[in-house]
>>> print(open('entry.cif').read())   # mmCIF, C-alpha atoms
data_entry
loop_
_atom_site.label_atom_id
_atom_site.label_comp_id
_atom_site.auth_asym_id
_atom_site.auth_seq_id
_atom_site.Cartn_x
_atom_site.Cartn_y
_atom_site.Cartn_z
CA MET A 1 10.39 13.70 -18.74
CA SER A 2 10.07 17.18 -17.19
CA ILE A 3 11.48 17.96 -13.73
CA LEU A 4 7.94 18.78 -12.54
CA ILE A 5 6.64 15.32 -13.48
CA GLU A 6 9.73 13.57 -12.06
CA SER A 7 9.30 15.51 -8.79
CA LEU A 8 5.65 14.42 -8.70
CA GLY A 9 6.72 10.77 -9.04
CA LEU A 10 9.41 11.17 -6.41
CA ALA A 11 6.97 12.75 -3.93
CA ALA A 12 4.38 10.04 -4.69
CA GLY A 13 6.92 7.23 -4.21
CA THR A 14 8.27 8.67 -0.96
CA LEU A 15 4.74 9.07 0.46
CA THR A 16 3.44 5.60 -0.49
CA THR A 17 6.68 3.91 0.67
CA PHE A 18 7.06 5.60 4.07
CA SER A 19 3.30 5.68 4.82
CA PHE A 20 3.67 2.13 6.19
CA LEU A 21 6.15 3.22 8.87
CA PRO A 22 3.56 4.85 11.20
CA GLN A 23 1.50 1.63 10.96
CA VAL A 24 4.54 -0.46 11.99
CA ILE A 25 5.22 1.91 14.92
CA LYS A 26 1.56 1.93 16.02
CA ILE A 27 1.38 -1.88 16.13
CA TRP A 28 4.80 -2.13 17.82
CA ARG A 29 3.66 0.30 20.56
CA THR A 30 0.12 -0.98 21.14
CA GLN A 31 0.62 -4.69 20.24
CA ASP A 32 -2.92 -4.40 18.82
CA VAL A 33 -3.48 -6.05 15.43
CA SER A 34 -7.17 -6.92 15.77
CA ALA A 35 -8.34 -4.64 12.91
CA ILE A 36 -5.39 -5.46 10.61
CA SER A 37 -6.33 -7.72 7.67
CA LEU A 38 -4.01 -10.73 7.36
CA MET A 39 -5.17 -11.28 3.78
CA MET A 40 -4.35 -7.67 2.85
CA TYR A 41 -0.75 -7.87 4.07
CA ALA A 42 -0.18 -11.37 2.68
CA ALA A 43 -1.34 -10.24 -0.79
CA PHE A 44 0.38 -6.85 -0.53
CA CYS A 45 3.75 -8.35 0.51
CA PHE A 46 3.58 -10.84 -2.35
CA GLY A 47 2.65 -8.08 -4.79
CA VAL A 48 5.44 -5.73 -3.64
CA PHE A 49 7.90 -8.64 -3.87
CA LEU A 50 6.82 -9.14 -7.50
CA TRP A 51 7.30 -5.36 -8.11
CA LEU A 52 10.81 -5.78 -6.68
CA LEU A 53 11.52 -8.66 -9.12
CA PHE A 54 10.04 -6.49 -11.91
CA GLY A 55 12.41 -3.65 -10.93
CA ILE A 56 15.37 -6.03 -10.93
CA ALA A 57 14.29 -7.47 -14.31
CA ILE A 58 14.15 -4.04 -15.98
CA GLY A 59 17.12 -2.71 -13.97
CA SER A 60 15.29 0.22 -12.35
CA ILE A 61 17.06 1.51 -9.21
CA SER A 62 14.02 3.60 -8.14
CA LEU A 63 11.65 0.60 -8.38
CA ILE A 64 14.13 -1.63 -6.50
CA LEU A 65 14.66 0.97 -3.73
CA THR A 66 11.01 1.96 -3.15
CA ASN A 67 9.67 -1.61 -3.35
CA GLY A 68 12.57 -2.96 -1.26
CA ILE A 69 11.80 -0.51 1.56
CA THR A 70 8.02 -0.96 1.23
CA PHE A 71 8.50 -4.74 1.41
CA LEU A 72 10.47 -4.42 4.68
CA PHE A 73 7.69 -2.31 6.26
CA ALA A 74 4.79 -4.45 4.97
CA ALA A 75 6.56 -7.71 5.92
CA SER A 76 7.09 -6.31 9.44
CA ILE A 77 3.34 -5.63 9.73
CA LEU A 78 2.57 -9.16 8.44
CA TYR A 79 5.08 -10.66 10.91
CA LEU A 80 3.59 -8.66 13.83
CA LYS A 81 0.04 -9.65 12.80
CA ILE A 82 0.94 -13.35 12.82
CA THR A 83 3.10 -13.40 15.97
CA ILE A 84 0.90 -11.17 18.15
CA GLU A 85 -2.27 -13.16 17.35
CA ARG A 86 -0.63 -16.54 17.87
CA MET B 1 9.71 -5.49 -22.85
CA SER B 2 9.27 -9.28 -22.80
CA ILE B 3 5.88 -10.88 -22.15
CA LEU B 4 7.33 -12.56 -19.02
CA ILE B 5 8.34 -9.21 -17.49
CA GLU B 6 5.04 -7.56 -18.49
CA SER B 7 3.12 -10.47 -16.90
CA LEU B 8 5.19 -10.01 -13.73
CA GLY B 9 4.24 -6.32 -13.61
CA LEU B 10 0.59 -7.10 -14.28
CA ALA B 11 0.49 -9.72 -11.48
CA ALA B 12 2.30 -7.31 -9.12
CA GLY B 13 -0.10 -4.45 -9.90
CA THR B 14 -3.20 -6.61 -9.51
CA LEU B 15 -1.98 -7.95 -6.14
CA THR B 16 -0.96 -4.59 -4.62
CA THR B 17 -4.14 -2.88 -5.89
CA PHE B 18 -6.70 -5.46 -4.77
CA SER B 19 -4.90 -6.33 -1.49
CA PHE B 20 -6.71 -3.36 0.11
CA LEU B 21 -10.16 -4.84 -0.60
CA PRO B 22 -10.03 -7.50 2.22
CA GLN B 23 -9.04 -4.69 4.63
CA VAL B 24 -12.05 -2.60 3.55
CA ILE B 25 -14.37 -5.62 3.98
CA LYS B 26 -12.88 -6.53 7.38
CA ILE B 27 -13.43 -3.01 8.75
CA TRP B 28 -16.90 -2.80 7.20
CA ARG B 29 -17.91 -6.08 8.89
CA THR B 30 -16.29 -5.60 12.31
CA GLN B 31 -16.48 -1.76 12.55
CA ASP B 32 -13.11 -2.13 14.34
CA VAL B 33 -10.43 0.38 13.32
CA SER B 34 -8.48 0.56 16.60
CA ALA B 35 -5.23 -0.88 15.15
CA ILE B 36 -5.47 1.05 11.86
CA SER B 37 -2.99 3.94 11.57
CA LEU B 38 -4.67 7.23 10.57
CA MET B 39 -1.28 8.66 9.57
CA MET B 40 -0.56 5.68 7.31
CA TYR B 41 -3.81 6.02 5.34
CA ALA B 42 -3.63 9.83 5.18
CA ALA B 43 -0.09 9.67 3.73
CA PHE B 44 -0.87 6.66 1.53
CA CYS B 45 -4.02 8.24 0.02
CA PHE B 46 -2.11 11.45 -0.73
CA GLY B 47 0.76 9.45 -2.27
CA VAL B 48 -1.53 7.33 -4.45
CA PHE B 49 -3.35 10.50 -5.56
CA LEU B 50 0.03 11.93 -6.65
CA TRP B 51 0.76 8.64 -8.52
CA LEU B 52 -2.61 9.12 -10.25
CA LEU B 53 -1.64 12.68 -11.29
CA PHE B 54 1.74 11.30 -12.45
CA GLY B 55 -0.08 8.67 -14.54
CA ILE B 56 -2.32 11.35 -16.08
CA ALA B 57 0.74 13.58 -16.75
CA ILE B 58 2.61 10.85 -18.64
CA GLY B 59 -0.60 9.43 -20.17
CA SER B 60 -0.24 5.90 -18.75
CA ILE B 61 -3.54 3.97 -18.70
CA SER B 62 -2.13 1.22 -16.42
CA LEU B 63 -0.90 3.78 -13.82
CA ILE B 64 -4.23 5.66 -13.97
CA LEU B 65 -6.28 2.44 -13.59
CA THR B 66 -4.27 0.79 -10.76
CA ASN B 67 -3.81 3.99 -8.77
CA GLY B 68 -7.42 5.05 -9.37
CA ILE B 69 -8.72 1.77 -7.93
CA THR B 70 -6.14 1.73 -5.10
CA PHE B 71 -7.16 5.29 -4.20
CA LEU B 72 -10.84 4.27 -3.92
CA PHE B 73 -9.97 1.38 -1.55
CA ALA B 74 -7.47 3.38 0.57
CA ALA B 75 -9.80 6.39 0.78
CA SER B 76 -12.60 4.06 1.94
CA ILE B 77 -10.35 2.78 4.76
CA LEU B 78 -9.41 6.38 5.69
CA TYR B 79 -13.10 7.39 5.67
CA LEU B 80 -14.08 4.39 7.85
CA LYS B 81 -11.19 5.11 10.26
CA ILE B 82 -12.33 8.72 10.72
CA THR B 83 -16.10 8.11 10.90
CA ILE B 84 -16.04 5.00 13.15
CA GLU B 85 -13.72 6.65 15.71
CA ARG B 86 -15.70 9.90 15.79
#
>>> encode(input="entry.cif", output="structure tokens")
Amino acid sequence: MSILIESLGLAAGTLTTFSFLPQVIKIWRTQDVSAISLMMYAAFCFGVFLWLLFGIAIGSISLILTNGITFLFAASILYLKITIER
Amino acid sequence: MSILIESLGLAAGTLTTFSFLPQVIKIWRTQDVSAISLMMYAAFCFGVFLWLLFGIAIGSISLILTNGITFLFAASILYLKITIER
């Protein structure tokens, strides 16, 4: 695969992975989760966890890394959603 | 690749793609976007758009389909965030 295409994938993966960080920080600061969908983050966390297993199964370091980090962020949002609303 | 691993990937892709739909519906119903991070959805939409270009570049139907649908959902959330808060 060409360097241009690999760079595109790397930029895409970095953006989609770290995009969840500002959402974690926003909730942490404001303690406001009213508009956050519980069902979205429950399904998303489960899905990213399956991507992580998929990455492990095919032995892909980039899939394991990006989905591992994304899972940590998304699970934090899910945890904050549940604990703040309780 | 084994059918088990391919099924894992298919389940993962379906979950992460359609997880955004309950968030779109929740915002549409409540018109509440206070807790939604603008920076998250701006970065995420851009990232998923790059994944879509990556999918087109390598000619992968599954990448084009999942990222195409995810982009529609995430862009809807971004649009609602911007228009409701204006």
>>> closest_residue(input="entry.cif", among="A:Ala57, A:Met39, A:Val33, A:Leu50", to="Arg86 (chain A)", atoms="all atoms listed in the file")
A:Val33
>>> interface_residues(input="entry.cif", of="chain A", to="chain B", cutoff="6 Å", atoms="only C-alpha atoms", output="PyMOL selection string")
chain A and resi 12+15-16+19-20+22-23+32-33+35+37+40+43-44+47+50-51
>>> atom_distance(input="entry.cif", atom1="CA of Arg29 (chain A)", atom2="CA of Leu80 (chain A)")
11.2 Å
>>> atom_distance(input="entry.cif", atom1="CA of Phe71 (chain A)", atom2="CA of Ile56 (chain A)")
14.2 Å
>>> build_atoms(input="entry.cif", residues="region 8-19 of chain B", atoms="all heavy atoms", output="short mmCIF file (atom, residue, chain, number, x, y, z; two decimals), keeping the file's coordinate frame")
data_model
loop_
_atom_site.label_atom_id
_atom_site.label_comp_id
_atom_site.auth_asym_id
_atom_site.auth_seq_id
_atom_site.Cartn_x
_atom_site.Cartn_y
_atom_site.Cartn_z
N LEU B 8 4.74 -10.23 -15.10
CA LEU B 8 5.19 -10.01 -13.73
C LEU B 8 4.64 -8.68 -13.20
O LEU B 8 4.08 -8.62 -12.09
CB LEU B 8 6.73 -9.99 -13.72
CG LEU B 8 7.47 -10.03 -12.38
CD1 LEU B 8 7.16 -11.32 -11.64
CD2 LEU B 8 8.98 -9.91 -12.62
N GLY B 9 4.74 -7.63 -13.99
CA GLY B 9 4.24 -6.32 -13.61
C GLY B 9 2.73 -6.31 -13.44
O GLY B 9 2.19 -5.69 -12.51
N LEU B 10 2.05 -7.04 -14.32
CA LEU B 10 0.59 -7.10 -14.28
C LEU B 10 0.13 -7.84 -13.01
O LEU B 10 -0.81 -7.40 -12.34
CB LEU B 10 0.08 -7.85 -15.51
CG LEU B 10 -1.19 -7.32 -16.16
CD1 LEU B 10 -0.99 -5.89 -16.65
CD2 LEU B 10 -1.62 -8.21 -17.32
N ALA B 11 0.81 -8.95 -12.69
CA ALA B 11 0.49 -9.72 -11.48
C ALA B 11 0.78 -8.88 -10.24
O ALA B 11 -0.04 -8.82 -9.30
CB ALA B 11 1.31 -11.01 -11.44
N ALA B 12 1.92 -8.17 -10.25
CA ALA B 12 2.30 -7.31 -9.12
C ALA B 12 1.26 -6.21 -8.90
O ALA B 12 0.80 -5.98 -7.78
CB ALA B 12 3.68 -6.71 -9.38
N GLY B 13 0.87 -5.55 -9.98
CA GLY B 13 -0.10 -4.45 -9.90
C GLY B 13 -1.47 -4.91 -9.43
O GLY B 13 -2.12 -4.23 -8.64
N THR B 14 -1.90 -6.07 -9.92
CA THR B 14 -3.20 -6.61 -9.51
C THR B 14 -3.19 -6.94 -8.00
O THR B 14 -4.12 -6.60 -7.28
CB THR B 14 -3.52 -7.90 -10.32
OG1 THR B 14 -3.41 -7.59 -11.71
CG2 THR B 14 -4.92 -8.40 -10.02
N LEU B 15 -2.09 -7.57 -7.55
CA LEU B 15 -1.98 -7.95 -6.14
C LEU B 15 -1.94 -6.72 -5.22
O LEU B 15 -2.70 -6.65 -4.24
CB LEU B 15 -0.72 -8.78 -5.90
CG LEU B 15 -0.86 -10.28 -6.15
CD1 LEU B 15 0.50 -10.95 -6.22
CD2 LEU B 15 -1.70 -10.93 -5.04
N THR B 16 -1.07 -5.75 -5.52
CA THR B 16 -0.96 -4.59 -4.62
C THR B 16 -2.24 -3.74 -4.65
O THR B 16 -2.62 -3.19 -3.64
CB THR B 16 0.28 -3.72 -4.96
OG1 THR B 16 0.30 -3.44 -6.36
CG2 THR B 16 1.57 -4.43 -4.59
N THR B 17 -2.90 -3.67 -5.80
CA THR B 17 -4.14 -2.88 -5.89
C THR B 17 -5.27 -3.53 -5.10
O THR B 17 -5.89 -2.89 -4.24
CB THR B 17 -4.57 -2.73 -7.37
OG1 THR B 17 -3.55 -2.01 -8.07
CG2 THR B 17 -5.89 -1.99 -7.49
N PHE B 18 -5.53 -4.82 -5.37
CA PHE B 18 -6.70 -5.46 -4.77
C PHE B 18 -6.46 -5.99 -3.36
O PHE B 18 -7.39 -6.45 -2.69
CB PHE B 18 -7.26 -6.53 -5.69
CG PHE B 18 -7.94 -5.95 -6.90
CD1 PHE B 18 -7.28 -5.81 -8.10
CD2 PHE B 18 -9.23 -5.45 -6.79
CE1 PHE B 18 -7.89 -5.22 -9.20
CE2 PHE B 18 -9.86 -4.86 -7.87
CZ PHE B 18 -9.18 -4.74 -9.08
N SER B 19 -5.20 -5.90 -2.87
CA SER B 19 -4.90 -6.33 -1.49
C SER B 19 -5.67 -5.49 -0.48
O SER B 19 -5.98 -5.95 0.62
CB SER B 19 -3.40 -6.24 -1.22
OG SER B 19 -2.96 -4.91 -1.29
#
